[in-house]
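This is work35.txt (compact mmCIF, N, CA and C atoms).
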# COMPACT_ATOMS: atom_id res chain seq x y z
N MET A 3 -24.52 14.18 -18.43
CA MET A 3 -24.13 12.85 -18.01
C MET A 3 -22.69 12.90 -17.51
N SER A 4 -22.48 12.27 -16.38
CA SER A 4 -21.18 12.27 -15.74
C SER A 4 -20.27 11.21 -16.35
N GLY A 5 -18.99 11.55 -16.46
CA GLY A 5 -18.02 10.58 -16.95
C GLY A 5 -17.42 9.76 -15.82
N GLY A 6 -17.77 10.10 -14.57
CA GLY A 6 -17.22 9.40 -13.41
C GLY A 6 -18.06 8.20 -13.04
N THR A 7 -17.74 7.64 -11.91
CA THR A 7 -18.46 6.47 -11.42
C THR A 7 -19.48 6.90 -10.40
N ASP A 8 -20.72 6.49 -10.60
CA ASP A 8 -21.76 6.76 -9.62
C ASP A 8 -21.74 5.66 -8.57
N ILE A 9 -21.81 6.06 -7.32
CA ILE A 9 -21.79 5.08 -6.24
C ILE A 9 -23.19 5.05 -5.64
N GLU A 10 -23.87 3.95 -5.85
CA GLU A 10 -25.23 3.78 -5.32
C GLU A 10 -25.20 3.30 -3.88
N ASP A 11 -24.22 2.49 -3.55
CA ASP A 11 -24.16 1.87 -2.23
C ASP A 11 -22.71 1.87 -1.76
N SER A 12 -22.35 2.91 -1.01
CA SER A 12 -20.95 3.01 -0.58
C SER A 12 -20.56 1.88 0.36
N ALA A 13 -21.52 1.33 1.07
CA ALA A 13 -21.22 0.19 1.95
C ALA A 13 -20.78 -1.01 1.13
N ALA A 14 -21.24 -1.07 -0.13
CA ALA A 14 -20.82 -2.18 -1.00
C ALA A 14 -19.32 -2.12 -1.26
N LEU A 15 -18.76 -0.91 -1.32
CA LEU A 15 -17.31 -0.78 -1.47
C LEU A 15 -16.59 -1.35 -0.25
N ASN A 16 -17.13 -1.09 0.91
CA ASN A 16 -16.53 -1.63 2.13
C ASN A 16 -16.63 -3.15 2.15
N ARG A 17 -17.78 -3.68 1.71
CA ARG A 17 -17.93 -5.14 1.66
C ARG A 17 -16.97 -5.74 0.64
N ALA A 18 -16.81 -5.07 -0.50
CA ALA A 18 -15.86 -5.55 -1.51
C ALA A 18 -14.44 -5.55 -0.96
N GLY A 19 -14.10 -4.51 -0.21
CA GLY A 19 -12.77 -4.45 0.40
C GLY A 19 -12.55 -5.58 1.39
N THR A 20 -13.56 -5.86 2.19
CA THR A 20 -13.47 -6.97 3.15
C THR A 20 -13.37 -8.29 2.41
N GLY A 21 -14.15 -8.44 1.35
CA GLY A 21 -14.10 -9.67 0.55
C GLY A 21 -12.73 -9.88 -0.08
N ALA A 22 -12.14 -8.81 -0.58
CA ALA A 22 -10.81 -8.92 -1.19
C ALA A 22 -9.76 -9.28 -0.14
N GLN A 23 -9.91 -8.74 1.06
CA GLN A 23 -8.98 -9.08 2.14
C GLN A 23 -9.11 -10.55 2.52
N ASN A 24 -10.35 -11.03 2.59
CA ASN A 24 -10.59 -12.45 2.89
C ASN A 24 -10.01 -13.34 1.79
N MET A 25 -10.18 -12.89 0.54
CA MET A 25 -9.64 -13.66 -0.59
C MET A 25 -8.12 -13.73 -0.53
N ALA A 26 -7.48 -12.66 -0.11
CA ALA A 26 -6.02 -12.66 0.03
C ALA A 26 -5.59 -13.71 1.05
N GLY A 27 -6.29 -13.77 2.16
CA GLY A 27 -5.95 -14.76 3.19
C GLY A 27 -6.17 -16.19 2.70
N ARG A 28 -7.31 -16.41 2.02
CA ARG A 28 -7.58 -17.76 1.50
C ARG A 28 -6.57 -18.13 0.42
N THR A 29 -6.16 -17.16 -0.38
CA THR A 29 -5.17 -17.43 -1.43
C THR A 29 -3.85 -17.87 -0.81
N ARG A 30 -3.43 -17.16 0.22
CA ARG A 30 -2.18 -17.54 0.89
C ARG A 30 -2.27 -18.94 1.50
N THR A 31 -3.37 -19.22 2.18
CA THR A 31 -3.53 -20.51 2.84
C THR A 31 -3.63 -21.65 1.82
N THR A 32 -4.49 -21.47 0.85
CA THR A 32 -4.70 -22.52 -0.15
C THR A 32 -3.46 -22.68 -1.04
N GLY A 33 -2.81 -21.58 -1.36
CA GLY A 33 -1.63 -21.63 -2.21
C GLY A 33 -0.43 -22.28 -1.56
N ALA A 34 -0.43 -22.35 -0.24
CA ALA A 34 0.71 -22.96 0.47
C ALA A 34 0.70 -24.48 0.38
N HIS A 35 -0.47 -25.08 0.22
CA HIS A 35 -0.54 -26.55 0.21
C HIS A 35 0.26 -27.18 -0.93
N PRO A 36 0.09 -26.74 -2.18
CA PRO A 36 0.90 -27.36 -3.25
C PRO A 36 2.40 -27.11 -3.07
N VAL A 37 2.75 -25.97 -2.51
CA VAL A 37 4.17 -25.67 -2.30
C VAL A 37 4.77 -26.66 -1.30
N ASP A 38 4.06 -26.88 -0.21
CA ASP A 38 4.56 -27.82 0.80
C ASP A 38 4.72 -29.21 0.21
N GLU A 39 3.73 -29.65 -0.55
CA GLU A 39 3.79 -30.98 -1.14
C GLU A 39 4.89 -31.08 -2.19
N THR A 40 5.06 -30.04 -2.98
CA THR A 40 6.09 -30.05 -4.02
C THR A 40 7.48 -30.03 -3.40
N ARG A 41 7.67 -29.25 -2.36
CA ARG A 41 8.98 -29.23 -1.69
C ARG A 41 9.28 -30.58 -1.04
N SER A 42 8.26 -31.20 -0.50
CA SER A 42 8.45 -32.54 0.08
C SER A 42 8.85 -33.54 -1.00
N ALA A 43 8.18 -33.46 -2.15
CA ALA A 43 8.51 -34.36 -3.26
C ALA A 43 9.92 -34.10 -3.78
N SER A 44 10.32 -32.83 -3.79
CA SER A 44 11.65 -32.50 -4.31
C SER A 44 12.75 -33.15 -3.47
N LYS A 45 12.48 -33.29 -2.16
CA LYS A 45 13.47 -33.96 -1.29
C LYS A 45 13.60 -35.43 -1.66
N ASP A 46 12.47 -36.05 -2.04
CA ASP A 46 12.50 -37.47 -2.43
C ASP A 46 13.30 -37.67 -3.73
N PHE A 47 13.34 -36.64 -4.55
CA PHE A 47 14.06 -36.73 -5.81
C PHE A 47 15.35 -35.91 -5.80
N GLY A 48 15.87 -35.67 -4.61
CA GLY A 48 17.12 -34.93 -4.47
C GLY A 48 18.31 -35.77 -4.89
N SER A 49 19.47 -35.17 -4.85
CA SER A 49 20.69 -35.81 -5.37
C SER A 49 21.04 -37.10 -4.64
N GLY A 50 20.64 -37.26 -3.38
CA GLY A 50 20.95 -38.49 -2.66
C GLY A 50 20.08 -39.67 -3.10
N ASN A 51 18.91 -39.38 -3.66
CA ASN A 51 17.98 -40.43 -4.05
C ASN A 51 17.80 -40.57 -5.55
N TRP A 52 18.23 -39.57 -6.27
CA TRP A 52 17.91 -39.51 -7.70
C TRP A 52 19.02 -38.75 -8.41
N ASP A 53 19.50 -39.30 -9.49
CA ASP A 53 20.60 -38.64 -10.21
C ASP A 53 20.11 -37.60 -11.21
N GLY A 54 18.83 -37.61 -11.53
CA GLY A 54 18.30 -36.65 -12.50
C GLY A 54 18.09 -35.29 -11.88
N GLY A 55 17.54 -34.40 -12.63
CA GLY A 55 17.32 -33.03 -12.16
C GLY A 55 15.91 -32.77 -11.67
N LEU A 56 15.14 -33.83 -11.39
CA LEU A 56 13.75 -33.65 -10.98
C LEU A 56 13.63 -32.90 -9.67
N GLY A 57 14.49 -33.19 -8.70
CA GLY A 57 14.43 -32.50 -7.41
C GLY A 57 14.61 -31.00 -7.58
N GLY A 58 15.60 -30.59 -8.37
CA GLY A 58 15.83 -29.17 -8.62
C GLY A 58 14.69 -28.53 -9.38
N ALA A 59 14.13 -29.29 -10.33
CA ALA A 59 13.00 -28.77 -11.10
C ALA A 59 11.78 -28.55 -10.20
N LEU A 60 11.56 -29.48 -9.29
CA LEU A 60 10.44 -29.34 -8.35
C LEU A 60 10.66 -28.17 -7.40
N ASP A 61 11.90 -27.97 -6.96
CA ASP A 61 12.21 -26.80 -6.12
C ASP A 61 11.92 -25.51 -6.88
N GLY A 62 12.33 -25.46 -8.14
CA GLY A 62 12.07 -24.28 -8.97
C GLY A 62 10.59 -24.05 -9.16
N LEU A 63 9.84 -25.12 -9.37
CA LEU A 63 8.39 -25.02 -9.51
C LEU A 63 7.76 -24.47 -8.24
N ALA A 64 8.19 -24.98 -7.10
CA ALA A 64 7.65 -24.51 -5.82
C ALA A 64 7.95 -23.03 -5.61
N GLU A 65 9.14 -22.60 -6.00
CA GLU A 65 9.50 -21.19 -5.86
C GLU A 65 8.65 -20.31 -6.76
N THR A 66 8.47 -20.74 -8.00
CA THR A 66 7.63 -19.98 -8.94
C THR A 66 6.20 -19.89 -8.43
N TRP A 67 5.69 -21.01 -7.97
CA TRP A 67 4.32 -21.04 -7.44
C TRP A 67 4.20 -20.09 -6.25
N SER A 68 5.17 -20.11 -5.34
CA SER A 68 5.14 -19.23 -4.16
C SER A 68 5.11 -17.77 -4.57
N ARG A 69 5.93 -17.40 -5.55
CA ARG A 69 5.95 -16.00 -6.01
C ARG A 69 4.61 -15.61 -6.62
N GLN A 70 4.02 -16.50 -7.39
CA GLN A 70 2.74 -16.18 -8.03
C GLN A 70 1.61 -16.07 -7.01
N VAL A 71 1.60 -16.95 -6.03
CA VAL A 71 0.60 -16.88 -4.97
C VAL A 71 0.76 -15.57 -4.20
N ALA A 72 2.00 -15.22 -3.87
CA ALA A 72 2.26 -13.97 -3.15
C ALA A 72 1.82 -12.76 -3.96
N ALA A 73 2.07 -12.78 -5.27
CA ALA A 73 1.67 -11.66 -6.12
C ALA A 73 0.15 -11.54 -6.19
N LEU A 74 -0.55 -12.66 -6.31
CA LEU A 74 -2.01 -12.63 -6.36
C LEU A 74 -2.59 -12.14 -5.04
N ALA A 75 -2.06 -12.64 -3.93
CA ALA A 75 -2.53 -12.19 -2.62
C ALA A 75 -2.25 -10.70 -2.43
N SER A 76 -1.12 -10.23 -2.92
CA SER A 76 -0.79 -8.81 -2.83
C SER A 76 -1.78 -7.96 -3.63
N LYS A 77 -2.16 -8.44 -4.80
CA LYS A 77 -3.17 -7.72 -5.61
C LYS A 77 -4.49 -7.65 -4.86
N CYS A 78 -4.88 -8.74 -4.22
CA CYS A 78 -6.12 -8.74 -3.43
C CYS A 78 -6.02 -7.76 -2.26
N ASP A 79 -4.86 -7.72 -1.60
CA ASP A 79 -4.65 -6.75 -0.52
C ASP A 79 -4.79 -5.32 -1.03
N GLY A 80 -4.19 -5.04 -2.18
CA GLY A 80 -4.29 -3.70 -2.76
C GLY A 80 -5.72 -3.33 -3.10
N LEU A 81 -6.44 -4.27 -3.69
CA LEU A 81 -7.84 -4.04 -4.02
C LEU A 81 -8.66 -3.78 -2.76
N SER A 82 -8.35 -4.51 -1.72
CA SER A 82 -9.03 -4.32 -0.43
C SER A 82 -8.81 -2.90 0.09
N ARG A 83 -7.56 -2.45 0.06
CA ARG A 83 -7.27 -1.10 0.53
C ARG A 83 -7.97 -0.04 -0.32
N GLN A 84 -7.98 -0.23 -1.63
CA GLN A 84 -8.60 0.74 -2.53
C GLN A 84 -10.11 0.80 -2.32
N CYS A 85 -10.76 -0.36 -2.27
CA CYS A 85 -12.22 -0.38 -2.10
C CYS A 85 -12.61 0.15 -0.73
N GLY A 86 -11.95 -0.36 0.30
CA GLY A 86 -12.26 0.09 1.65
C GLY A 86 -12.01 1.58 1.84
N GLY A 87 -10.88 2.04 1.35
CA GLY A 87 -10.56 3.47 1.46
C GLY A 87 -11.53 4.34 0.70
N SER A 88 -11.89 3.93 -0.50
CA SER A 88 -12.84 4.71 -1.30
C SER A 88 -14.20 4.75 -0.63
N GLY A 89 -14.63 3.61 -0.08
CA GLY A 89 -15.92 3.57 0.61
C GLY A 89 -15.95 4.50 1.81
N LEU A 90 -14.88 4.48 2.59
CA LEU A 90 -14.82 5.36 3.77
C LEU A 90 -14.75 6.83 3.37
N LEU A 91 -13.97 7.15 2.36
CA LEU A 91 -13.90 8.53 1.89
C LEU A 91 -15.25 9.01 1.37
N TYR A 92 -15.92 8.16 0.61
CA TYR A 92 -17.22 8.52 0.07
C TYR A 92 -18.22 8.77 1.20
N GLN A 93 -18.25 7.86 2.18
CA GLN A 93 -19.18 8.03 3.29
C GLN A 93 -18.88 9.30 4.08
N GLY A 94 -17.61 9.57 4.30
CA GLY A 94 -17.23 10.78 5.02
C GLY A 94 -17.62 12.04 4.26
N THR A 95 -17.40 12.03 2.95
CA THR A 95 -17.77 13.19 2.12
C THR A 95 -19.27 13.40 2.13
N GLU A 96 -20.02 12.32 2.01
CA GLU A 96 -21.49 12.44 2.03
C GLU A 96 -21.98 12.98 3.37
N ALA A 97 -21.37 12.57 4.46
CA ALA A 97 -21.77 13.07 5.78
C ALA A 97 -21.51 14.57 5.89
N VAL A 98 -20.33 15.01 5.40
CA VAL A 98 -20.01 16.44 5.43
C VAL A 98 -20.97 17.21 4.54
N ASN A 99 -21.24 16.70 3.34
CA ASN A 99 -22.17 17.37 2.42
C ASN A 99 -23.56 17.49 3.03
N THR A 100 -24.02 16.44 3.67
CA THR A 100 -25.35 16.46 4.28
C THR A 100 -25.41 17.50 5.40
N ARG A 101 -24.39 17.53 6.25
CA ARG A 101 -24.36 18.54 7.33
C ARG A 101 -24.33 19.95 6.76
N THR A 102 -23.53 20.13 5.72
CA THR A 102 -23.42 21.47 5.11
C THR A 102 -24.76 21.89 4.51
N MET A 103 -25.42 21.00 3.80
CA MET A 103 -26.70 21.35 3.19
C MET A 103 -27.76 21.63 4.25
N ARG A 104 -27.75 20.87 5.32
CA ARG A 104 -28.70 21.12 6.41
C ARG A 104 -28.44 22.49 7.03
N ALA A 105 -27.17 22.82 7.23
CA ALA A 105 -26.83 24.10 7.84
C ALA A 105 -27.22 25.25 6.91
N LEU A 106 -27.01 25.09 5.62
CA LEU A 106 -27.35 26.15 4.66
C LEU A 106 -28.84 26.32 4.49
N SER A 107 -29.57 25.24 4.56
CA SER A 107 -31.03 25.32 4.34
C SER A 107 -31.78 25.62 5.61
N GLY A 108 -31.10 25.50 6.75
CA GLY A 108 -31.77 25.71 8.02
C GLY A 108 -32.76 24.61 8.32
N ALA A 109 -32.61 23.51 7.63
CA ALA A 109 -33.53 22.39 7.80
C ALA A 109 -33.41 21.81 9.19
N SER A 110 -34.54 21.52 9.76
CA SER A 110 -34.52 20.90 11.07
C SER A 110 -34.82 19.41 10.99
N SER A 111 -35.24 18.93 9.82
CA SER A 111 -35.55 17.51 9.70
C SER A 111 -34.27 16.72 9.49
N ASP A 112 -34.38 15.44 9.69
CA ASP A 112 -33.22 14.57 9.50
C ASP A 112 -33.11 14.07 8.08
N ALA A 113 -34.02 14.48 7.21
CA ALA A 113 -33.97 14.01 5.83
C ALA A 113 -32.78 14.64 5.11
N SER A 114 -32.06 13.82 4.40
CA SER A 114 -30.90 14.30 3.65
C SER A 114 -31.34 14.89 2.32
N PRO A 115 -30.77 16.00 1.91
CA PRO A 115 -31.10 16.54 0.58
C PRO A 115 -30.53 15.67 -0.54
N PHE A 116 -29.69 14.68 -0.17
CA PHE A 116 -29.08 13.81 -1.16
C PHE A 116 -29.83 12.49 -1.30
N GLY A 117 -30.92 12.32 -0.59
CA GLY A 117 -31.72 11.10 -0.73
C GLY A 117 -31.50 10.08 0.31

Please rewrite the model in this file as structure tokens.
Amino acid sequence: MSGGTDIEDSAALNRAGTGAQNMAGRTRTTGAHPVDETRSASKDFGSGNWDGGLGGALDGLAETWSRQVAALASKCDGLSRQCGGSGLLYQGTEAVNTRTMRALSGASSDASPFG
């Protein structure tokens, strides 16, 4: 029994990579809406309109939110690169292995010895 990961469908890795890339884009787009609204609200509670610290607190909140959205989107980008790269490497390795086995066996059929 192998301790590694068996890949049944290497194209699924490519789809997962594409999905993660799409998720990164949606995260950036969706995550920007609360930041825009919070920054707008912070202006309403700035020092010219409000003597309290609400404007500064809202600015800080918007900054924290922006950093967290960027970090999450970055993780999705990284996952996309890892899945997509692994899928392509696996497919390339399988193609080389299939050609090698065909050459060694002298097989003339298109059937792969790997299934």

Worksheet item: Between atom N of A:Cys85 and atom C of A:Ala73, what is the distance, to one decimal in Å?
Response: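 Pair atom N of A:Cys85 / atom C of A:Ala73 returns 16.1 Å.
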
Item to complete: List every residue of chain A that DSSP, applied to the backbone, labels as helix (DSSP H, G or I), and write the result as number ranges by chain.
Response: A: 12-46, 56-107

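Atom pair atom CA of A:Ser76 / atom C of A:Ser88: separated by 19.2 Å.
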
Discussion item. List the spatial neighbours of A:Gly86 as number ranges by chain - criterion: any atom at most 6.5 Å away, all atoms listed in the file, same-chain residues fewer than 6 positions off excluded.
Written reply: A: 15-16, 18-20

With N, CA and C atoms kept, could you save the residues just selected as a compact mmCIF listing (two decimals), keeping the file's coordinate frame?
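Dumped to part_8.txt:
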# COMPACT_ATOMS: atom_id res chain seq x y z
N LEU A 15 -18.76 -0.91 -1.32
CA LEU A 15 -17.31 -0.78 -1.47
C LEU A 15 -16.59 -1.35 -0.25
N ASN A 16 -17.13 -1.09 0.91
CA ASN A 16 -16.53 -1.63 2.13
C ASN A 16 -16.63 -3.15 2.15
N ALA A 18 -16.81 -5.07 -0.50
CA ALA A 18 -15.86 -5.55 -1.51
C ALA A 18 -14.44 -5.55 -0.96
N GLY A 19 -14.10 -4.51 -0.21
CA GLY A 19 -12.77 -4.45 0.40
C GLY A 19 -12.55 -5.58 1.39
N THR A 20 -13.56 -5.86 2.19
CA THR A 20 -13.47 -6.97 3.15
C THR A 20 -13.37 -8.29 2.41

Worksheet entry | Pairwise distance for atom N of A:Cys78 and atom N of A:Leu60, rounded to one decimal in Å |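 Separating atom N of A:Cys78 from atom N of A:Leu60 is a distance of 26.9 Å.
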
Item to complete: Check the smallest atom-to-atom distance from each of A:Val98, A:Ala72, A:Leu91, A:Leu56 to A:Gly33 using all atoms listed in the file, then report the winner.
Response: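 The answer is A:Ala72, which sits nearest to A:Gly33.
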
Discussion item. Could you check which residues have any atom within 12 Å of (7.2, -22.3, -4.5), counting only C-alpha atoms with coordinates taken straight from the file, and then list them as a ChimeraX atom specification?
Written reply: /A:30,33-42,44,58-72

Draw an axis-aligned box tight on the listed atoms of stretch 87-96 of chain A, then pad every side by 8 Å and write out centre and edge lengths in Å to one decimal as lines of an AutoDock Vina configuration file.
center_x = -16.3
center_y = 7.7
center_z = 1.9
size_x = 27.4
size_y = 27.4
size_z = 22.3

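Proximity to A:Gly89 at 8 Å, evaluated using only N, CA and C atoms and with sequence-adjacent residues fewer than 4 positions away removed, yields Asp11, Ser12, Ala13, Ala14, Leu15, Asn16, Arg17, Arg83, Gln84, Cys85, Gln93, Gly94 and Thr95 of chain A.
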